[in-house]
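Here is run-v3.cif, consisting of mmCIF, C-alpha atoms:
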```cif
data_my_file
#
loop_
_atom_site.label_atom_id
_atom_site.label_comp_id
_atom_site.auth_asym_id
_atom_site.auth_seq_id
_atom_site.Cartn_x
_atom_site.Cartn_y
_atom_site.Cartn_z
CA MET L 1 67.62 86.50 137.27
CA ALA L 2 71.30 86.56 138.06
CA GLY L 3 71.99 84.61 141.20
CA LYS L 4 68.81 82.57 141.46
CA PRO L 5 69.64 78.97 142.24
CA VAL L 6 68.85 76.60 139.38
CA LEU L 7 67.60 73.13 140.30
CA HIS L 8 68.21 70.34 137.82
CA ASP L 9 65.96 67.41 138.43
CA PHE L 10 63.15 65.23 137.37
CA ASN L 11 59.75 66.96 137.39
CA GLY L 12 58.43 65.11 140.36
CA ARG L 13 59.15 64.32 143.98
CA SER L 14 62.60 62.98 144.44
CA ARG L 15 65.57 63.75 146.67
CA MET L 16 65.22 67.32 145.42
CA GLU L 17 61.87 67.83 147.14
CA SER L 18 63.37 68.61 150.58
CA ILE L 19 65.66 71.10 148.87
CA ARG L 20 62.65 72.81 147.29
CA TRP L 21 60.94 73.01 150.70
CA LEU L 22 64.04 74.49 152.35
CA LEU L 23 64.67 77.11 149.66
CA ALA L 24 61.01 78.05 149.68
CA ALA L 25 60.87 78.37 153.46
CA ALA L 26 64.02 80.49 153.37
CA GLY L 27 62.26 82.80 150.91
CA VAL L 28 64.75 82.03 148.14
CA GLU L 29 63.36 82.16 144.61
CA PHE L 30 64.70 79.40 142.44
CA GLU L 31 64.40 78.16 138.88
CA GLU L 32 63.99 74.61 137.74
CA LYS L 33 65.35 72.84 134.67
CA PHE L 34 63.54 69.55 134.29
CA ILE L 35 65.11 66.42 132.93
CA THR L 36 62.45 64.93 130.67
CA CYS L 37 64.42 62.41 128.60
CA PRO L 38 67.61 60.33 128.90
CA GLU L 39 69.43 62.77 126.62
CA ASP L 40 68.93 65.60 129.12
CA LEU L 41 70.71 63.55 131.78
CA GLU L 42 73.46 62.51 129.36
CA ARG L 43 74.10 66.13 128.46
CA LEU L 44 74.54 67.11 132.10
CA LYS L 45 76.96 64.21 132.54
CA ASN L 46 78.93 64.99 129.38
CA ASP L 47 79.17 68.66 130.27
CA GLY L 48 80.95 67.59 133.46
CA LEU L 49 78.37 69.19 135.72
CA LEU L 50 77.68 66.15 137.87
CA MET L 51 80.52 65.25 140.20
CA PHE L 52 79.22 61.70 140.67
CA GLN L 53 77.14 61.48 137.46
CA GLN L 54 73.99 61.86 139.51
CA ILE L 55 71.29 64.37 140.15
CA PRO L 56 70.07 66.33 142.01
CA LEU L 57 72.25 69.22 140.91
CA VAL L 58 71.80 72.76 142.21
CA GLU L 59 73.67 75.59 140.51
CA MET L 60 74.17 78.21 143.17
CA ASP L 61 76.71 80.89 144.08
CA GLY L 62 78.82 80.03 141.08
CA MET L 63 79.09 76.37 142.06
CA LYS L 64 77.60 73.04 141.02
CA LEU L 65 76.24 71.47 144.18
CA VAL L 66 75.51 67.76 144.27
CA GLN L 67 74.52 65.24 146.97
CA SER L 68 71.27 66.21 148.64
CA ARG L 69 72.61 66.30 152.21
CA ALA L 70 75.50 68.55 151.16
CA ILE L 71 73.06 70.85 149.38
CA LEU L 72 70.68 70.97 152.35
CA ASN L 73 73.58 71.67 154.75
CA TYR L 74 74.80 74.53 152.56
CA ILE L 75 71.41 76.16 152.15
CA ALA L 76 70.62 75.79 155.85
CA THR L 77 73.92 77.40 156.84
CA LYS L 78 73.62 80.20 154.32
CA TYR L 79 70.10 81.16 155.42
CA ASN L 80 70.63 80.73 159.19
CA LEU L 81 68.47 77.66 159.49
CA TYR L 82 71.10 75.44 161.11
CA GLY L 83 71.13 76.51 164.74
CA LYS L 84 73.40 78.98 166.50
CA ASP L 85 76.21 76.72 167.70
CA MET L 86 77.69 73.23 167.64
CA LYS L 87 75.23 71.78 170.16
CA GLU L 88 72.19 73.08 168.31
CA ARG L 89 73.64 71.74 165.07
CA LEU L 90 74.06 68.36 166.74
CA LEU L 91 70.41 68.28 167.81
CA ILE L 92 69.31 69.40 164.35
CA ASP L 93 71.48 66.70 162.76
CA MET L 94 70.22 63.91 165.03
CA TYR L 95 66.58 64.84 164.47
CA THR L 96 67.14 65.35 160.74
CA GLU L 97 68.77 61.95 160.28
CA GLY L 98 65.96 60.23 162.16
CA ILE L 99 63.40 62.03 160.00
CA LEU L 100 65.29 61.04 156.85
CA ASP L 101 65.22 57.37 157.89
CA LEU L 102 61.42 57.44 158.04
CA TYR L 103 61.22 59.68 154.98
CA GLU L 104 63.16 57.09 152.99
CA ILE L 105 60.67 54.32 153.78
CA VAL L 106 57.63 56.51 153.14
CA SER L 107 58.86 58.01 149.89
CA ARG L 108 59.60 54.58 148.42
CA LEU L 109 56.04 53.42 148.94
CA PRO L 110 54.72 54.51 145.50
CA ARG L 111 57.42 52.38 143.85
CA THR L 112 56.75 49.29 145.98
CA PRO L 113 55.62 46.15 144.12
CA PRO L 114 51.90 45.49 144.77
CA ASP L 115 52.55 42.31 146.76
CA GLN L 116 54.71 44.17 149.27
CA ILE L 117 52.56 47.26 149.77
CA ASP L 118 50.67 45.93 152.78
CA SER L 119 53.75 44.91 154.71
CA LYS L 120 55.56 48.14 153.84
CA THR L 121 52.56 50.21 154.93
CA ALA L 122 52.41 48.27 158.20
CA LEU L 123 56.10 49.02 158.77
CA ILE L 124 55.51 52.72 158.12
CA ARG L 125 52.61 52.77 160.57
CA ASP L 126 54.63 51.05 163.25
CA ARG L 127 57.75 53.19 162.86
CA THR L 128 55.76 56.40 162.66
CA LYS L 129 53.65 55.76 165.74
CA ASN L 130 56.19 53.98 167.90
CA ARG L 131 59.63 55.17 166.96
CA TYR L 132 59.70 58.56 165.27
CA PHE L 133 56.68 60.71 166.03
CA PRO L 134 56.85 60.14 169.81
CA VAL L 135 60.41 61.50 169.83
CA PHE L 136 59.47 64.78 168.19
CA GLU L 137 56.22 65.16 170.14
CA LYS L 138 58.29 64.78 173.30
CA VAL L 139 60.81 67.38 172.10
CA MET L 140 57.98 69.86 171.53
CA LEU L 141 56.46 68.98 174.90
CA LYS L 142 59.72 69.49 176.78
CA SER L 143 60.36 72.81 175.09
CA HIS L 144 57.54 74.27 177.18
CA GLY L 145 55.50 75.95 174.54
CA GLN L 146 58.27 76.99 172.20
CA ASP L 147 57.25 77.05 168.58
CA TYR L 148 60.20 75.19 167.09
CA LEU L 149 62.16 72.01 167.67
CA VAL L 150 65.56 73.57 168.39
CA GLY L 151 66.68 76.79 169.99
CA ASN L 152 63.31 78.50 169.93
CA LYS L 153 63.95 79.51 166.34
CA LEU L 154 62.93 78.21 162.93
CA SER L 155 65.47 75.78 161.55
CA ARG L 156 65.75 73.27 158.75
CA VAL L 157 64.50 70.48 160.94
CA ASP L 158 61.09 72.13 161.50
CA ILE L 159 60.68 72.39 157.74
CA LEU L 160 61.81 68.83 157.05
CA LEU L 161 59.59 67.43 159.79
CA VAL L 162 56.56 69.26 158.41
CA GLU L 163 57.32 67.94 154.93
CA LEU L 164 57.39 64.44 156.44
CA LEU L 165 54.12 65.03 158.29
CA TYR L 166 52.45 65.84 154.97
CA LEU L 167 53.90 62.65 153.43
CA VAL L 168 52.74 60.49 156.31
CA GLU L 169 49.32 62.06 156.13
CA GLU L 170 49.08 60.97 152.50
CA VAL L 171 49.68 57.37 153.60
CA ASP L 172 47.21 57.49 156.49
CA VAL L 173 45.84 60.70 157.91
CA SER L 174 45.00 59.02 161.23
CA LEU L 175 48.71 58.58 162.00
CA LEU L 176 48.93 62.16 163.19
CA ALA L 177 45.97 61.82 165.54
CA ASP L 178 47.93 61.08 168.71
CA PHE L 179 50.42 63.88 168.18
CA PRO L 180 48.74 67.24 168.84
CA LEU L 181 51.97 69.20 169.16
CA LEU L 182 53.19 67.93 165.79
CA GLN L 183 49.87 68.87 164.25
CA ALA L 184 50.25 72.34 165.73
CA LEU L 185 53.79 72.61 164.33
CA LYS L 186 52.53 71.55 160.93
CA THR L 187 49.87 74.25 160.99
CA ARG L 188 52.26 76.92 162.21
CA ILE L 189 54.94 76.17 159.62
CA SER L 190 52.38 75.86 156.84
CA ASN L 191 51.15 79.34 157.67
CA LEU L 192 54.54 81.00 157.34
CA PRO L 193 54.09 83.25 154.27
CA ASN L 194 56.86 81.62 152.22
CA VAL L 195 55.67 78.12 153.01
CA LYS L 196 52.04 78.98 152.35
CA LYS L 197 52.97 80.24 148.91
CA PHE L 198 54.98 77.06 148.23
CA LEU L 199 52.03 74.85 149.19
CA GLN L 200 49.45 76.67 147.10
CA PRO L 201 48.44 75.53 143.63
CA GLY L 202 51.02 76.96 141.26
CA GLY L 203 53.72 76.70 143.94
CA GLN L 204 56.84 74.70 143.18
CA ARG L 205 55.93 71.82 145.46
CA LYS L 206 55.63 68.65 143.45
CA PRO L 207 52.52 66.46 143.61
CA ARG L 208 52.42 62.90 144.81
CA ALA L 209 53.89 60.48 142.30
CA THR L 210 51.42 58.65 140.09
CA GLN L 211 52.20 55.39 138.33
CA LYS L 212 52.53 57.31 135.05
CA VAL L 213 55.10 59.66 136.54
CA ILE L 214 57.07 56.74 138.00
CA GLU L 215 57.07 54.98 134.64
CA GLU L 216 58.46 58.06 132.93
CA ALA L 217 61.17 58.35 135.58
CA ARG L 218 62.08 54.69 135.06
CA LYS L 219 62.64 55.33 131.38
CA ILE L 220 64.90 58.27 131.98
CA PHE L 221 66.85 56.91 134.91
CA LYS L 222 66.65 53.22 134.04
CA PHE L 223 65.73 51.76 137.41
CA MET X 1 88.53 58.06 182.43
CA ALA X 2 86.17 60.93 182.90
CA GLY X 3 85.37 62.49 179.59
CA LYS X 4 86.41 59.70 177.24
CA PRO X 5 83.73 59.10 174.64
CA VAL X 6 82.04 55.71 174.94
CA LEU X 7 80.92 54.01 171.74
CA HIS X 8 78.03 51.56 172.06
CA TYR X 9 77.77 49.18 169.11
CA PHE X 10 78.34 45.62 167.99
CA ASN X 11 81.89 44.35 167.76
CA LEU X 12 81.81 44.91 164.01
CA ARG X 13 82.88 47.45 161.42
CA ALA X 14 79.53 47.83 159.66
CA ARG X 15 78.49 51.48 159.62
CA VAL X 16 80.45 52.55 162.66
CA GLU X 17 84.02 52.06 161.56
CA SER X 18 84.12 55.63 160.17
CA ILE X 19 83.45 56.94 163.67
CA ARG X 20 86.36 54.89 165.01
CA TRP X 21 88.63 56.20 162.26
CA LEU X 22 87.66 59.81 162.87
CA LEU X 23 88.12 59.66 166.64
CA ALA X 24 91.43 57.88 166.20
CA ALA X 25 92.71 60.32 163.59
CA ALA X 26 91.70 63.21 165.84
CA GLY X 27 93.78 61.64 168.61
CA VAL X 28 90.74 61.08 170.82
CA GLU X 29 90.92 58.08 173.11
CA PHE X 30 87.60 56.33 173.34
CA GLU X 31 86.07 53.32 175.04
CA GLU X 32 83.79 50.75 173.51
CA LYS X 33 80.91 48.84 175.07
CA PHE X 34 79.98 46.02 172.75
CA ILE X 35 76.41 44.85 172.41
CA GLU X 36 76.74 41.09 172.60
CA THR X 37 73.30 39.87 173.65
CA PRO X 38 69.71 40.94 173.08
CA GLU X 39 69.63 41.90 176.75
CA ASP X 40 72.47 44.38 176.22
CA PHE X 41 70.41 46.02 173.50
CA GLU X 42 67.19 45.98 175.53
CA LYS X 43 68.92 47.63 178.45
CA LEU X 44 70.12 50.54 176.33
CA ARG X 45 66.61 50.94 174.95
CA ASN X 46 64.86 50.65 178.28
CA ASP X 47 67.24 53.11 179.88
CA GLY X 48 66.08 55.62 177.27
CA LEU X 49 69.57 56.15 175.89
CA LEU X 50 68.73 55.54 172.23
CA MET X 51 66.72 58.34 170.70
CA PHE X 52 65.42 56.18 167.83
CA GLN X 53 65.97 52.79 169.52
CA GLN X 54 69.03 52.25 167.37
CA VAL X 55 72.79 52.08 167.64
CA PRO X 56 75.43 53.41 167.25
CA MET X 57 75.28 55.65 170.28
CA VAL X 58 78.24 57.66 171.51
CA GLU X 59 78.28 59.02 175.04
CA MET X 60 80.21 62.22 174.75
CA ASP X 61 80.30 65.63 176.42
CA GLY X 62 77.44 64.68 178.70
CA MET X 63 75.17 63.70 175.81
CA ASN X 64 74.00 60.51 174.10
CA LEU X 65 74.74 61.04 170.42
CA VAL X 66 72.93 58.93 167.85
CA GLN X 67 72.78 58.75 164.02
CA SER X 68 76.19 58.21 162.51
CA ARG X 69 76.22 61.32 160.31
CA ALA X 70 75.30 63.52 163.26
CA ILE X 71 78.05 61.89 165.30
CA LEU X 72 80.64 62.31 162.55
CA ASN X 73 79.66 65.96 162.02
CA TYR X 74 79.93 66.72 165.73
CA ILE X 75 83.33 65.07 166.10
CA ALA X 76 84.63 66.76 162.95
CA THR X 77 83.47 70.18 164.14
CA LYS X 78 84.83 69.71 167.64
CA TYR X 79 88.28 68.66 166.43
CA ASN X 80 88.58 71.16 163.57
CA LEU X 81 88.28 68.59 160.83
CA TYR X 82 85.37 70.24 159.02
CA GLY X 83 86.96 73.05 157.05
CA LYS X 84 87.25 76.71 157.90
CA ASP X 85 84.07 78.13 156.34
CA VAL X 86 80.78 77.30 154.68
CA LYS X 87 82.36 76.69 151.25
CA GLU X 88 84.94 74.26 152.60
CA ARG X 89 82.22 72.49 154.56
CA LEU X 90 80.24 72.19 151.33
CA LEU X 91 83.13 70.54 149.51
CA ILE X 92 83.77 68.21 152.45
CA ASP X 93 80.08 67.29 152.53
CA MET X 94 79.84 66.64 148.78
CA TYR X 95 82.92 64.45 148.83
CA THR X 96 81.96 62.51 151.96
CA GLU X 97 78.42 61.87 150.72
CA GLY X 98 79.83 60.43 147.51
CA MET X 99 82.15 58.26 149.61
CA ALA X 100 79.23 57.10 151.73
CA ASP X 101 77.34 56.01 148.60
CA LEU X 102 80.22 53.78 147.50
CA TYR X 103 80.84 52.51 151.04
CA GLU X 104 77.18 51.53 151.25
CA MET X 105 77.59 49.34 148.17
CA PHE X 106 80.36 47.42 149.95
CA LEU X 107 78.15 47.00 153.01
CA GLN X 108 75.25 45.75 150.90
CA LEU X 109 77.51 43.24 149.17
CA ILE X 110 78.03 41.39 152.47
CA VAL X 111 74.34 40.54 152.65
CA THR X 112 73.70 40.05 148.91
CA PRO X 113 72.27 36.61 148.06
CA PRO X 114 74.78 34.32 146.27
CA ASP X 115 72.89 34.39 142.96
CA GLN X 116 73.11 38.18 142.81
CA LYS X 117 76.67 38.54 144.07
CA ASP X 118 78.44 38.51 140.70
CA ALA X 119 76.30 41.31 139.33
CA LYS X 120 76.82 43.33 142.51
CA ILE X 121 80.57 42.84 142.38
CA ALA X 122 80.68 43.96 138.74
CA LEU X 123 78.66 47.05 139.58
CA ILE X 124 80.93 47.95 142.51
CA LYS X 125 84.02 47.57 140.32
CA ASP X 126 82.47 49.78 137.66
CA ARG X 127 81.39 52.48 140.07
CA THR X 128 84.72 52.47 141.89
CA LYS X 129 86.82 52.76 138.75
CA ASN X 130 84.56 54.97 136.66
CA ARG X 131 82.57 57.13 139.02
CA TYR X 132 84.03 57.60 142.47
CA LEU X 133 87.80 57.21 142.43
CA PRO X 134 88.18 59.38 139.31
CA ALA X 135 86.19 62.15 141.01
CA PHE X 136 88.52 62.24 144.01
CA GLU X 137 91.69 61.83 141.92
CA LYS X 138 90.51 64.84 139.92
CA VAL X 139 90.08 66.93 143.07
CA LEU X 140 93.63 66.22 144.18
CA LYS X 141 94.97 66.86 140.68
CA SER X 142 93.12 70.18 140.44
CA HIS X 143 95.05 71.79 143.31
CA GLY X 144 98.04 69.54 143.83
CA GLN X 145 97.77 69.85 147.60
CA ASP X 146 98.25 67.18 150.22
CA TYR X 147 94.63 67.21 151.38
CA LEU X 148 91.29 67.21 149.63
CA VAL X 149 90.03 70.53 151.00
CA GLY X 150 91.67 73.74 152.11
CA ASN X 151 95.20 72.38 152.22
CA LYS X 152 94.45 70.99 155.68
CA LEU X 153 93.49 67.62 157.12
CA SER X 154 89.73 67.16 157.32
CA LYS X 155 87.25 64.34 157.79
CA ALA X 156 87.14 64.01 154.00
CA ASP X 157 90.76 62.81 153.92
CA ILE X 158 90.22 60.38 156.77
CA LEU X 159 87.03 58.89 155.39
CA LEU X 160 88.53 58.64 151.91
CA THR X 161 91.53 56.78 153.31
CA GLU X 162 89.21 54.37 155.10
CA LEU X 163 87.32 53.85 151.85
CA LEU X 164 90.54 53.24 149.91
CA TYR X 165 91.51 50.50 152.38
CA THR X 166 88.06 48.99 151.86
CA VAL X 167 88.52 49.11 148.09
CA GLU X 168 91.95 47.56 148.44
CA GLU X 169 90.58 44.70 150.54
CA PHE X 170 87.96 44.11 147.86
CA ASP X 171 90.31 44.30 144.85
CA ALA X 172 93.69 45.99 145.14
CA SER X 173 94.02 46.40 141.36
CA LEU X 174 91.25 49.00 141.43
CA LEU X 175 93.64 51.55 142.93
CA ALA X 176 96.23 51.09 140.21
CA SER X 177 95.19 53.99 137.97
CA PHE X 178 94.93 56.51 140.79
CA PRO X 179 98.41 57.60 141.87
CA LEU X 180 97.30 60.69 143.77
CA LEU X 181 94.81 58.66 145.81
CA GLN X 182 97.50 56.11 146.59
CA ALA X 183 99.77 58.94 147.73
CA LEU X 184 97.00 60.39 149.93
CA LYS X 185 96.38 56.98 151.45
CA ALA X 186 100.06 56.61 152.28
CA ARG X 187 100.31 60.13 153.67
CA ILE X 188 97.26 59.82 155.93
CA SER X 189 98.33 56.34 157.04
CA ASN X 190 101.62 57.81 158.22
CA LEU X 191 100.06 60.42 160.49
CA PRO X 192 101.02 59.25 163.99
CA ASN X 193 97.44 58.80 165.24
CA VAL X 194 96.38 56.95 162.11
CA ARG X 195 99.48 54.78 162.09
CA LYS X 196 98.70 53.73 165.66
CA PHE X 197 95.11 52.92 164.66
CA LEU X 198 96.29 50.77 161.76
CA GLN X 199 98.56 48.66 163.92
CA PRO X 200 97.52 45.32 165.45
CA GLY X 201 95.98 45.73 168.88
CA SER X 202 94.15 48.93 168.02
CA GLN X 203 90.39 49.48 168.08
CA ARG X 204 90.18 49.00 164.32
CA LYS X 205 87.88 46.12 163.50
CA PRO X 206 88.52 43.37 160.93
CA PRO X 207 86.43 43.30 157.73
CA THR X 208 82.80 42.37 158.27
CA THR X 209 82.05 38.94 156.82
CA GLU X 210 78.81 37.19 155.98
CA LYS X 211 79.48 34.78 158.85
CA MET X 212 79.63 37.67 161.33
CA ILE X 213 76.30 38.94 160.06
CA GLU X 214 74.82 35.45 160.38
CA GLU X 215 76.00 35.24 163.99
CA ALA X 216 74.51 38.66 164.69
CA ARG X 217 71.24 37.58 163.07
CA LYS X 218 71.03 34.57 165.37
CA VAL X 219 71.74 36.57 168.50
CA PHE X 220 69.48 39.48 167.68
CA LYS X 221 66.88 37.55 165.70
CA PHE X 222 66.68 39.72 162.57
#
```

Let me see the structure of the file written as C-alpha cells.
Amino acid sequence: MAGKPVLHDFNGRSRMESIRWLLAAAGVEFEEKFITCPEDLERLKNDGLLMFQQIPLVEMDGMKLVQSRAILNYIATKYNLYGKDMKERLLIDMYTEGILDLYEIVSRLPRTPPDQIDSKTALIRDRTKNRYFPVFEKVMLKSHGQDYLVGNKLSRVDILLVELLYLVEEVDVSLLADFPLLQALKTRISNLPNVKKFLQPGGQRKPRATQKVIEEARKIFKF
Amino acid sequence: MAGKPVLHYFNLRARVESIRWLLAAAGVEFEEKFIETPEDFEKLRNDGLLMFQQVPMVEMDGMNLVQSRAILNYIATKYNLYGKDVKERLLIDMYTEGMADLYEMFLQLIVTPPDQKDAKIALIKDRTKNRYLPAFEKVLKSHGQDYLVGNKLSKADILLTELLYTVEEFDASLLASFPLLQALKARISNLPNVRKFLQPGSQRKPPTTEKMIEEARKVFKF
C-alpha cells in the first residue's frame, strides 16, 4: 500500500491514459481516485494539490506530479524506459512528440461535433497513412529485425506507439494494413506480461469514450 | 562555421522563439535559414530532412532535430540546463509545461477571430494573474534562491523570462503583483549572453502579429 502511485483523474480516457499504459508496462501497481463530480475537483484545488489547478495529478514518491509530459518523463526515467544516453533520449523524444501530435487529433474525435466528423476522420486517415506511420515503419525496417524502436530495448516510445495503434484501429482497422512491422510491434508489446494484464477485462485500461461519458466529463470540467 | 547549429524556420517567433532564447542563453552561436517561399519548404521535405514534414528543424551534431520539445530537451541536456538529477528534471518539466500552456494561449490569440478576441483576452489575463504567475512566484518564495530549480540556471528560468517578456508585451500591469518574478526577469536579462540577445541586431524576433500570419498564409496557402 505504502508507495503505490495514486492517480487522480476522471474515470475515462484522458491525458492520464498514456500514464496508465506506462506504469502498467513498467510493472508498477497503482491506485486510482476518480473525480466524479465538480466538488471532487474543487477539493483537490482547495487542498493546494494542483500546481496549475489542473489534473492529471499523480501522487508518487512523496510528491504531487502534474503536467502529463512531466509525469511521463519522470516515470520513464525512473523505470529505465528512456534510453541509455542523450542521443537515445533525443530519438525517443522526437518519435514521442510526433506520436503525440497524431494522438491529439485521434483522441479528440469522440468530442467532435457531428458536422465535422467526416473531415476530421479524413485528416486522421491522411496523417496516419502518409505522415506518421511510414516514419515508424521505416525506423523498424532500418533497425534490421530489432524488436524495439530505439536502442534495441523496450522504451516509453514503444508503449506509446502501441497505445496509438490501438486508438487508430478503433477509428479504422484498415489503417494498419500497410504497416506489417508496426502490427508486429503491437503484437509483441501486447504480449508482454504486464501489458497483457493491463489490456485484459478488469485491467486498468479505460474503455473508449461514449457520449454518456463525455457528457459527464463536461459537467465536471465545464468544457 | 563547422558545428554551428542551423535553425530552419520562418522568420517569425511563433513556436520557435524558445529555441532561440535557449541557444542564446547557453552562449551557442547559431545560424538561421528562413523559409520564405513554398519552394524552400518543399526542398526541405523532398530532401528528407523533416521527419514529420514539419518545421522547426535544427541541424546540430550531425543530426536533423525536429519537434520543438525534443530540440529544447536536447539543448538543455547538452548545455547543463536541465537540472542535476531526476527530481530536478521533474520540477523543470512541470514548470516548463505550465509555461508552455500559457504561452500557447498567447499564440492562439494572434489567430483568434475578432468577435472572440475580447473573451480570449479576458481569459488570458485571468489565467496569467490567477493560475500561472502565482505558481511561479510561489516557487521562488518557497526557497528564496535566484533560480527556479536547484539554485542554478536552467531552461526553466530562461523560458520563464521569455514568457514574462511576452506577458509584459501583452499587458505590463499583469506583472505588478509578482516582485520575485520581476527580479528573476531582471537577473536573467542581465546575464551577458541574454543581454546580448535582448539588444537590437540580435537573432531575437519581433512579436508575431496577425499581419505576419496573413502574409505567411498567402505564401504557404494555409

task = Could the residues of chain L within 9 Å of chain X, counting all atoms listed in the file, be given as a ChimeraX atom specification, please?
result = /L:51-53,65-71,73-74,77-78,86-87,89-98,131-132,135

Could you spell out the hits of the PyMOL selection byres ((chain X and resi 174-190) around 10) on the shown file, as a PDB file with C-alpha atoms, keeping the file's coordinate frame?
```pdb
ATOM      1  CA  ALA X  25      92.710  60.320 163.590  1.00  0.00           C
ATOM      2  CA  LYS X 125      84.020  47.570 140.320  1.00  0.00           C
ATOM      3  CA  ASP X 126      82.470  49.780 137.660  1.00  0.00           C
ATOM      4  CA  THR X 128      84.720  52.470 141.890  1.00  0.00           C
ATOM      5  CA  LYS X 129      86.820  52.760 138.750  1.00  0.00           C
ATOM      6  CA  LEU X 133      87.800  57.210 142.430  1.00  0.00           C
ATOM      7  CA  PRO X 134      88.180  59.380 139.310  1.00  0.00           C
ATOM      8  CA  PHE X 136      88.520  62.240 144.010  1.00  0.00           C
ATOM      9  CA  GLU X 137      91.690  61.830 141.920  1.00  0.00           C
ATOM     10  CA  LYS X 138      90.510  64.840 139.920  1.00  0.00           C
ATOM     11  CA  VAL X 139      90.080  66.930 143.070  1.00  0.00           C
ATOM     12  CA  LEU X 140      93.630  66.220 144.180  1.00  0.00           C
ATOM     13  CA  LYS X 141      94.970  66.860 140.680  1.00  0.00           C
ATOM     14  CA  GLY X 144      98.040  69.540 143.830  1.00  0.00           C
ATOM     15  CA  GLN X 145      97.770  69.850 147.600  1.00  0.00           C
ATOM     16  CA  ASP X 146      98.250  67.180 150.220  1.00  0.00           C
ATOM     17  CA  TYR X 147      94.630  67.210 151.380  1.00  0.00           C
ATOM     18  CA  LEU X 148      91.290  67.210 149.630  1.00  0.00           C
ATOM     19  CA  LEU X 153      93.490  67.620 157.120  1.00  0.00           C
ATOM     20  CA  ASP X 157      90.760  62.810 153.920  1.00  0.00           C
ATOM     21  CA  ILE X 158      90.220  60.380 156.770  1.00  0.00           C
ATOM     22  CA  LEU X 160      88.530  58.640 151.910  1.00  0.00           C
ATOM     23  CA  THR X 161      91.530  56.780 153.310  1.00  0.00           C
ATOM     24  CA  GLU X 162      89.210  54.370 155.100  1.00  0.00           C
ATOM     25  CA  LEU X 163      87.320  53.850 151.850  1.00  0.00           C
ATOM     26  CA  LEU X 164      90.540  53.240 149.910  1.00  0.00           C
ATOM     27  CA  TYR X 165      91.510  50.500 152.380  1.00  0.00           C
ATOM     28  CA  VAL X 167      88.520  49.110 148.090  1.00  0.00           C
ATOM     29  CA  GLU X 168      91.950  47.560 148.440  1.00  0.00           C
ATOM     30  CA  PHE X 170      87.960  44.110 147.860  1.00  0.00           C
ATOM     31  CA  ASP X 171      90.310  44.300 144.850  1.00  0.00           C
ATOM     32  CA  ALA X 172      93.690  45.990 145.140  1.00  0.00           C
ATOM     33  CA  SER X 173      94.020  46.400 141.360  1.00  0.00           C
ATOM     34  CA  LEU X 191     100.060  60.420 160.490  1.00  0.00           C
ATOM     35  CA  PRO X 192     101.020  59.250 163.990  1.00  0.00           C
ATOM     36  CA  ASN X 193      97.440  58.800 165.240  1.00  0.00           C
ATOM     37  CA  VAL X 194      96.380  56.950 162.110  1.00  0.00           C
ATOM     38  CA  ARG X 195      99.480  54.780 162.090  1.00  0.00           C
ATOM     39  CA  LYS X 196      98.700  53.730 165.660  1.00  0.00           C
ATOM     40  CA  PHE X 197      95.110  52.920 164.660  1.00  0.00           C
ATOM     41  CA  LEU X 198      96.290  50.770 161.760  1.00  0.00           C
TER      42      LEU X 198
END
```

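Across the structure, atom CA of Lys205 of chain X and atom CA of Ser154 of chain X are spaced 22.0 Å apart.
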
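Minimum atom-to-atom distances from L:Lys206, L:Arg156, L:Val171, L:Lys196 to Glu32 of chain L were compared using only C-alpha atoms, and the lowest value belongs to L:Lys206.
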
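Put simply, atom CA of Pro38 of chain L is 17.1 Å away from atom CA of Leu7 of chain L.
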
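Coordinates place atom CA of Leu23 of chain X at a distance of 9.0 Å from atom CA of Tyr79 of chain X.
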
request  = Give me the residues within 6 Å of segment 31-34 of chain X as a ChimeraX atom specification, counting all atoms listed in the file and dropping any in the same chain fewer than 4 places off.
outcome  = /X:6-11

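Here the PyMOL selection byres ((chain L and resi 35) around 8) captures the residues His8, Asp9, Phe10, Asn11, Lys33, Phe34, Thr36, Cys37, Pro38, Asp40 and Leu41 of chain L.
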
request  = Could you pull out every residue with an atom within 12 Å of (66.0, 79.2, 157.0), file coordinates, counting only C-alpha atoms, and send them as number ranges by chain?
outcome  = L: 19, 21-28, 72-83, 153-160, 189, 192, 194-195

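Applied to the file shown here, the PyMOL selection byres ((chain X and resi 208-216) around 7) selects Leu12, Arg13, Ala14, Ile110, Val111, Pro206, Pro207, Arg217, Lys218, Val219 and Phe220 of chain X.
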
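For the set X:Asn64, X:Asn80, X:Thr166, X:Thr112, the residue with the smallest atom-to-atom gap to Pro5 of chain X is X:Asn64, counting all atoms listed in the file.
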
Give the centre and edge lengths of an axis-aligned box, in Å to one decimal, that holds all listed atoms of segment 172-178 of chain L with 3 Å on each side, as lines of an AutoDock Vina configuration file.
```
center_x = 47.0
center_y = 59.8
center_z = 162.6
size_x = 9.9
size_y = 10.7
size_z = 18.2
```
